[in-house]
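Student: Sharing run_0.txt here; it has compact mmCIF, C-alpha atoms.
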# COMPACT_ATOMS: atom_id res chain seq x y z
CA MET A 29 8.80 83.99 -19.47
CA LYS A 30 10.55 82.60 -22.54
CA ALA A 31 12.02 79.10 -22.20
CA ILE A 32 15.29 78.22 -23.91
CA SER A 33 17.04 74.86 -24.02
CA VAL A 34 19.55 73.97 -21.30
CA LEU A 35 22.76 72.09 -22.12
CA VAL A 36 24.82 70.63 -19.28
CA LEU A 37 28.48 70.22 -20.20
CA ALA A 38 30.59 67.38 -18.89
CA PRO A 39 34.27 68.25 -18.28
CA PHE A 40 36.01 68.82 -21.59
CA VAL A 41 39.36 70.02 -22.93
CA VAL A 42 39.75 72.85 -25.42
CA PHE A 43 43.44 73.51 -24.95
CA SER A 44 46.23 70.96 -24.71
CA SER A 45 47.02 69.19 -21.45
CA ALA A 46 50.24 71.20 -21.08
CA GLN A 47 48.15 74.33 -20.61
CA THR A 48 45.65 75.16 -17.88
CA ALA A 49 42.83 77.39 -19.08
CA ARG A 50 40.89 79.23 -16.36
CA ASN A 51 38.39 81.86 -17.51
CA VAL A 52 37.28 81.53 -21.13
CA ARG A 53 35.46 83.86 -23.53
CA VAL A 54 34.24 83.09 -27.02
CA THR A 55 33.66 85.80 -29.64
CA SER A 56 30.52 85.92 -31.77
CA ASP A 57 32.36 84.14 -34.61
CA GLY A 58 33.83 81.37 -32.45
CA LEU A 59 37.32 82.60 -31.52
CA ILE A 60 38.28 81.29 -28.06
CA ILE A 61 40.30 83.40 -25.58
CA ALA A 62 41.37 82.03 -22.19
CA THR A 63 43.40 82.97 -19.15
CA GLN A 64 45.94 80.52 -17.70
CA ALA A 65 47.14 79.64 -14.22
CA THR A 66 50.57 80.78 -15.42
CA GLY A 67 51.51 82.51 -18.65
CA GLY A 68 49.73 84.93 -20.95
CA LEU A 69 46.37 84.67 -22.67
CA LEU A 70 45.61 81.82 -25.06
CA VAL A 71 43.80 82.39 -28.37
CA GLN A 72 42.45 79.48 -30.39
CA ARG A 73 40.24 78.88 -33.43
CA GLY A 74 38.52 75.48 -33.37
CA THR A 75 41.06 72.69 -32.90
CA ASN A 76 43.99 74.73 -34.22
CA THR A 77 47.11 75.12 -32.09
CA PRO A 78 46.55 77.99 -29.67
CA THR A 79 48.72 81.10 -29.75
CA GLU A 80 49.76 83.02 -26.65
CA ILE A 81 49.40 86.72 -25.93
CA LEU A 82 52.37 87.60 -23.75
CA PHE A 83 52.30 90.12 -20.94
CA PRO A 84 52.80 93.75 -22.07
CA SER A 85 55.34 94.56 -19.32
CA SER A 86 57.32 92.95 -16.52
CA ARG A 87 54.95 94.53 -13.98
CA VAL A 88 51.99 92.47 -15.24
CA THR A 89 52.63 88.85 -14.27
CA ASN A 90 49.17 87.29 -14.61
CA PHE A 91 45.77 87.69 -16.25
CA ASP A 92 42.86 86.31 -14.24
CA ASP A 93 39.69 87.38 -16.03
CA ILE A 94 38.81 88.68 -19.49
CA ALA A 95 35.99 90.50 -21.24
CA VAL A 96 35.18 90.95 -24.93
CA ASP A 97 32.89 93.81 -25.94
CA ASP A 98 30.53 94.06 -28.92
CA SER A 99 33.35 95.40 -31.12
CA ASP A 100 35.70 92.54 -30.12
CA PHE A 101 37.99 94.70 -28.03
CA LEU A 102 39.60 92.45 -25.44
CA PHE A 103 40.07 93.53 -21.81
CA ALA A 104 42.29 91.48 -19.48
CA LEU A 105 42.28 91.89 -15.69
CA SER A 106 45.38 91.21 -13.59
CA THR A 107 44.54 90.96 -9.90
CA ASN A 108 48.19 90.74 -8.77
CA SER A 109 49.13 94.08 -10.29
CA ARG A 110 45.57 95.51 -10.17
CA THR A 111 45.81 96.40 -13.84
CA ILE A 112 43.51 96.23 -16.87
CA CYS A 113 45.01 95.92 -20.34
CA SER A 114 43.13 96.36 -23.60
CA TYR A 115 43.74 94.71 -26.98
CA PHE A 116 42.48 95.38 -30.49
CA ARG A 117 41.39 92.38 -32.54
CA ASN A 118 43.18 91.73 -35.82
CA SER A 119 41.61 88.68 -37.49
CA ASP A 120 42.45 85.74 -35.17
CA SER A 121 45.02 87.64 -33.12
CA PHE A 122 45.04 90.67 -30.83
CA SER A 123 47.27 93.74 -30.78
CA PHE A 124 48.16 95.42 -27.49
CA VAL A 125 46.58 98.86 -26.93
CA GLY A 126 47.48 99.87 -23.38
CA CYS A 127 47.01 99.33 -19.64
CA VAL A 128 45.72 101.37 -16.70
CA SER A 129 46.30 100.86 -12.97
CA PRO A 130 44.17 103.47 -11.20
CA GLY A 131 44.16 101.63 -7.85
CA PHE A 132 40.94 99.64 -8.12
CA ALA A 133 40.09 96.96 -5.56
CA VAL A 134 40.02 93.26 -6.48
CA SER A 135 39.93 91.30 -3.20
CA PRO A 136 38.85 88.69 -2.31
CA PHE A 137 36.92 87.94 -5.53
CA SER A 138 36.58 90.08 -8.62
CA GLY A 139 35.63 90.07 -12.30
CA VAL A 140 35.59 92.33 -15.34
CA SER A 141 33.03 93.12 -18.05
CA ALA A 142 32.88 95.67 -20.90
CA ARG A 143 30.18 97.06 -23.18
CA GLY A 144 29.49 100.30 -25.01
CA GLY A 145 32.62 102.20 -24.02
CA VAL A 146 32.45 101.24 -20.34
CA CYS A 147 34.61 98.67 -18.53
CA VAL A 148 33.69 97.61 -14.97
CA VAL A 149 35.82 95.83 -12.36
CA SER A 150 33.51 94.37 -9.71
CA GLY A 151 36.09 94.99 -6.94
CA GLY A 152 35.09 92.39 -4.32
CA THR A 153 34.63 93.96 -0.90
CA GLY A 154 36.52 97.09 -2.00
CA GLY A 155 33.80 98.52 -4.25
CA MET A 156 33.17 98.65 -7.99
CA THR A 157 35.24 100.66 -10.48
CA VAL A 158 33.85 102.09 -13.74
CA ILE A 159 36.38 102.97 -16.45
CA GLU A 160 35.50 104.49 -19.82
CA TYR A 161 37.28 103.50 -23.02
CA SER A 162 37.30 104.64 -26.65
CA GLN A 163 35.03 102.51 -28.81
CA ASP A 164 37.24 103.45 -31.78
CA THR A 165 40.66 102.57 -30.38
CA GLY A 166 40.10 100.61 -27.15
CA VAL A 167 42.20 103.08 -25.15
CA LEU A 168 41.20 103.04 -21.46
CA ASP A 169 40.76 106.29 -19.53
CA SER A 170 43.28 106.45 -16.68
CA ASN A 171 40.79 108.49 -14.60
CA PRO A 172 37.84 106.23 -13.68
CA ARG A 173 34.29 107.51 -13.67
CA PHE A 174 33.94 105.79 -10.28
CA LEU A 175 36.82 104.28 -8.29
CA ASN A 176 36.00 101.66 -5.63
CA ALA A 177 32.40 102.82 -5.28
CA GLN A 178 30.73 101.28 -2.23
CA LEU A 179 26.98 100.74 -2.41
CA PRO A 180 24.56 100.38 0.54
CA ASN A 181 23.71 96.89 1.83
CA VAL A 182 26.63 95.26 -0.01
CA VAL A 183 29.36 93.10 1.52
CA GLY A 184 31.02 92.60 -1.84
CA PHE A 185 30.73 92.25 -5.61
CA PRO A 186 32.54 89.04 -6.69
CA ASP A 187 31.68 89.36 -10.40
CA VAL A 188 29.98 91.55 -13.00
CA GLU A 189 28.23 91.26 -16.37
CA LEU A 190 27.19 94.32 -18.38
CA LEU A 191 23.94 94.49 -20.32
CA ASN A 192 25.10 97.70 -22.01
CA GLY A 193 27.15 100.78 -21.19
CA ASN A 194 24.56 101.96 -18.66
CA LEU A 195 23.48 98.84 -16.76
CA ALA A 196 25.55 96.27 -14.84
CA ALA A 197 24.46 93.01 -13.25
CA MET A 198 26.67 92.84 -10.17
CA SER A 199 26.98 89.41 -8.54
CA THR A 200 26.38 90.39 -4.93
CA ASP A 201 26.94 89.27 -1.36
CA PHE A 202 24.21 91.26 0.40
CA ARG A 203 24.61 92.58 3.93
CA ASP A 204 20.93 92.33 4.88
CA GLY A 205 18.03 90.15 3.84
CA LEU A 206 17.72 86.59 2.62
CA PRO A 207 18.82 84.85 0.51
CA ARG A 208 22.27 86.34 1.07
CA PHE A 209 23.51 86.03 -2.53
CA GLY A 210 22.05 87.26 -5.80
CA THR A 211 22.35 90.05 -8.37
CA MET A 212 22.17 93.80 -7.96
CA LEU A 213 21.37 95.83 -11.07
CA VAL A 214 23.40 99.04 -10.96
CA ASN A 215 23.08 102.26 -12.94
CA LEU A 216 26.59 102.97 -14.24
CA GLU A 217 25.90 106.68 -14.72
CA SER A 218 25.26 107.18 -11.00
CA ALA A 219 26.66 104.02 -9.34
CA GLU A 220 23.28 103.45 -7.69
CA GLU A 221 21.18 100.33 -7.22
CA ILE A 222 18.14 99.96 -9.46
CA ARG A 223 16.81 96.66 -8.02
CA ASN A 224 18.06 93.28 -6.90
CA PHE A 225 17.24 89.63 -7.40
CA ARG A 226 18.14 86.90 -4.88
CA VAL A 227 19.02 83.25 -5.61
CA ALA A 228 17.29 80.96 -3.10
CA ASP A 229 19.38 77.83 -3.70
CA SER A 230 22.69 79.54 -3.01
CA LEU A 231 26.12 77.91 -3.00
CA ARG A 232 27.38 80.65 -0.66
CA PHE A 233 31.18 80.18 -0.56
CA ASP A 234 31.26 76.64 -1.94
CA LEU A 235 33.02 75.75 -5.20
CA PHE A 236 34.89 79.00 -5.88
CA ILE A 237 38.27 78.72 -7.63
CA GLY A 238 40.81 81.46 -7.08
CA SER A 239 40.16 85.17 -7.12
CA THR A 240 38.04 85.40 -10.30
CA ASN A 241 35.85 82.28 -10.30
CA PHE A 242 33.04 82.85 -7.80
CA PRO A 243 29.85 80.85 -8.48
CA VAL A 244 27.38 83.74 -8.83
CA VAL A 245 27.25 84.25 -12.59
CA ASN A 246 24.85 86.15 -14.87
CA ALA A 247 24.24 86.10 -18.62
CA PHE A 248 21.86 88.16 -20.78
CA TYR A 249 19.68 86.90 -23.60
CA GLY A 250 17.78 89.10 -26.07
CA SER A 251 14.77 87.51 -27.75
CA ASP A 252 13.36 88.25 -31.21
CA ASN A 253 10.53 90.31 -29.73
CA GLY A 254 12.98 92.73 -28.11
CA GLN A 255 12.62 91.42 -24.57
CA THR A 256 15.80 90.96 -22.51
CA TYR A 257 16.21 88.13 -20.02
CA MET A 258 18.83 87.68 -17.32
CA TYR A 259 19.86 84.14 -16.41
CA THR A 260 21.62 83.51 -13.08
CA ALA A 261 23.55 80.53 -11.68
CA ASN A 262 24.43 80.10 -8.00
CA GLY A 263 23.62 76.49 -7.21
CA GLY A 264 20.09 77.02 -8.40
CA MET A 265 19.26 78.67 -11.72
CA THR A 266 16.84 81.54 -12.25
CA VAL A 267 15.63 83.75 -15.08
CA GLN A 268 14.18 87.23 -14.73
CA TYR A 269 13.40 90.42 -16.59
CA PRO A 270 16.22 92.75 -15.48
CA THR A 271 14.00 95.80 -15.95
CA GLU A 272 11.10 94.45 -13.85
CA PRO A 273 11.01 93.75 -10.10
CA ASP A 274 9.59 90.49 -8.73
CA SER A 275 9.99 88.73 -12.08
CA THR A 276 12.23 85.83 -11.00
CA VAL A 277 11.36 82.32 -12.16
CA VAL A 278 13.27 79.26 -10.90
CA ILE A 279 14.69 76.99 -13.63
CA ASP A 280 14.54 73.31 -12.77
CA ALA A 281 17.72 71.29 -13.22
CA PRO A 282 17.63 69.08 -16.32
CA ALA A 283 16.45 65.52 -15.76
CA PRO A 284 17.81 63.10 -14.64
CA LEU A 285 20.15 65.29 -12.56
CA GLY A 286 17.43 66.70 -10.36
CA ASN A 287 18.35 68.09 -6.94
CA SER A 288 21.92 66.77 -7.17
CA PHE A 289 22.82 69.38 -9.80
CA ARG A 290 24.47 72.64 -8.71
CA ALA A 291 25.11 75.29 -11.35
CA VAL A 292 28.38 77.17 -10.77
CA THR A 293 28.39 79.11 -14.04
CA LEU A 294 26.39 79.58 -17.23
CA ALA A 295 26.52 81.19 -20.66
CA VAL A 296 23.90 81.92 -23.30
CA ASP A 297 24.26 81.10 -26.99
CA GLN A 298 22.14 83.82 -28.57
CA GLN A 299 22.03 82.34 -32.06
CA SER A 300 21.07 78.81 -30.92
CA ASP A 301 18.62 79.83 -28.14
CA LEU A 302 20.73 77.71 -25.81
CA MET A 303 21.91 78.11 -22.22
CA VAL A 304 25.09 76.20 -21.31
CA VAL A 305 25.70 75.40 -17.62
How does the structure come out when it is put into structure tokens?
Tutor:
Amino acid sequence: MKAISVLVLAPFVVFSSAQTARNVRVTSDGLIIATQATGGLLVQRGTNTPTEILFPSSRVTNFDDIAVDDSDFLFALSTNSRTICSYFRNSDSFSFVGCVSPGFAVSPFSGVSARGGVCVVSGGTGGMTVIEYSQDTGVLDSNPRFLNAQLPNVVGFPDVELLNGNLAAMSTDFRDGLPRFGTMLVNLESAEEIRNFRVADSLRFDLFIGSTNFPVVNAFYGSDNGQTYMYTANGGMTVQYPTEPDSTVVIDAPAPLGNSFRAVTLAVDQQSDLMVV
């Protein structure tokens, strides 16, 4: 199993103190996009003054989670209105494309991810929703491929991360078996489980923040030899081959933190071979 460096971040501020950033995404060229507790999305380059993407209509009153695909289309999830809006990138700003509200579930915890013409809302205990979109325009299909799909042995899906347009890593609260929390790999063509990986040192329901910040988080890393790795945080940290069963390896917390460290999220910097937790 390939080892990459681990960087533990102390609390830091990207946006000004007058603004409260929640979920944050960074594009491949360093543009920062963030949701706020109140207000629209924030977009910032380096230490420049952030700009705000306002809501597209009076019906959408919040954005809770965001996803950026390989073509830099931006997808913003509103849990209050159960709506997804898409945006087309124009240099360091984004232009509104459109929204869909097909009735997908979001409670009690949910997330969004997009890759390869497919956008997935994890759906919490209400089941996952798979929505196709144009890779040319970013227009979302108002008729989902799957709407609130319930899978066997699942209490809920609090978050999601897509490897590509066919495979999703669903953060999962499992109904049977131990440990209770982990990741279910799901085929997006059939909405069926491929395999699952459990996280032994689970936080369970500790340290969640709001409806779209649940501490079971996955990130993918592709190495130079073509192998793909999936890194998972949920108190403990693990790495596994997503395409191979029984491949999980526990990652020790960086010294001198030891057993006192609990990972609530992580991200992988592909270019720097670095995992940030």
Student: Name the residues within 10 Å of (22.8, 96.9, -24.7), counting all atoms listed in the file in the file's coordinates, and put them as a PyMOL selection string.
Tutor: chain A and resi 98+143-144+190-195+248+250+256
Student: Would you list the contacts of A:Asn176 as a PyMOL selection string, taking every protein, DNA or RNA residue within 7 Å and counting all atoms listed in the file, but skipping same-chain residues closer than 4 positions in sequence?
Tutor: chain A and resi 132-133+151+154-157
Student: Work out how far apart atom CA of A:Ala247 and atom CA of A:Val140 are and give it in Å to one decimal.
Tutor: 13.4 Å
Student: Taking all atoms listed in the file into account, which of A:Thr75, A:Ser150, A:Asn224, A:Thr165 comes nearest A:Glu189?
Tutor: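 Among the listed residues, the smallest separation from A:Glu189 belongs to A:Ser150.
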Student: One number please: atom CA of A:Ser99 to atom CA of A:Gln163, in Å, one decimal.
Tutor: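 So the answer is 7.7 Å.
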Student: Just want the 9 Å neighbourhood of A:Pro130, counted on all atoms listed in the file, with same-chain residues fewer than 3 positions away dropped. Output as a compact mmCIF listing (two decimals) with C-alpha atoms, in the coordinates of the input.
Tutor:
# COMPACT_ATOMS: atom_id res chain seq x y z
CA ARG A 110 45.57 95.51 -10.17
CA THR A 111 45.81 96.40 -13.84
CA SER A 170 43.28 106.45 -16.68
CA ASN A 171 40.79 108.49 -14.60
CA PRO A 172 37.84 106.23 -13.68
CA LEU A 175 36.82 104.28 -8.29
Student: Determine, counting all atoms listed in the file, which protein, DNA and RNA residues have an atom within 10 Å of an atom of A:Glu272; residues of the same chain fewer than 3 positions away are not included. Present the result as a list in words.
Tutor: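 Final neighbour list, sorted by chain and number: Ile222, Arg223, Asn224, Gln268, Tyr269, Ser275 and Thr276 of chain A.
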Student: Name the closest residue to A:Leu179 among the candidates A:Phe137, A:Val167, A:Gly152, A:Ser162; distances are taken between atoms, counting all atoms listed in the file.
Tutor: A:Gly152
Student: Excluding A:Ser56 and any residue of its chain fewer than 2 positions from it, enumerate the residues within 9 Å of it, using all atoms listed in the file, and give them as a list of chain:residue names.
Tutor: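 Contacts, with the query itself left out: A:Val54, A:Gly58, A:Leu59, A:Asp98, A:Asp100.
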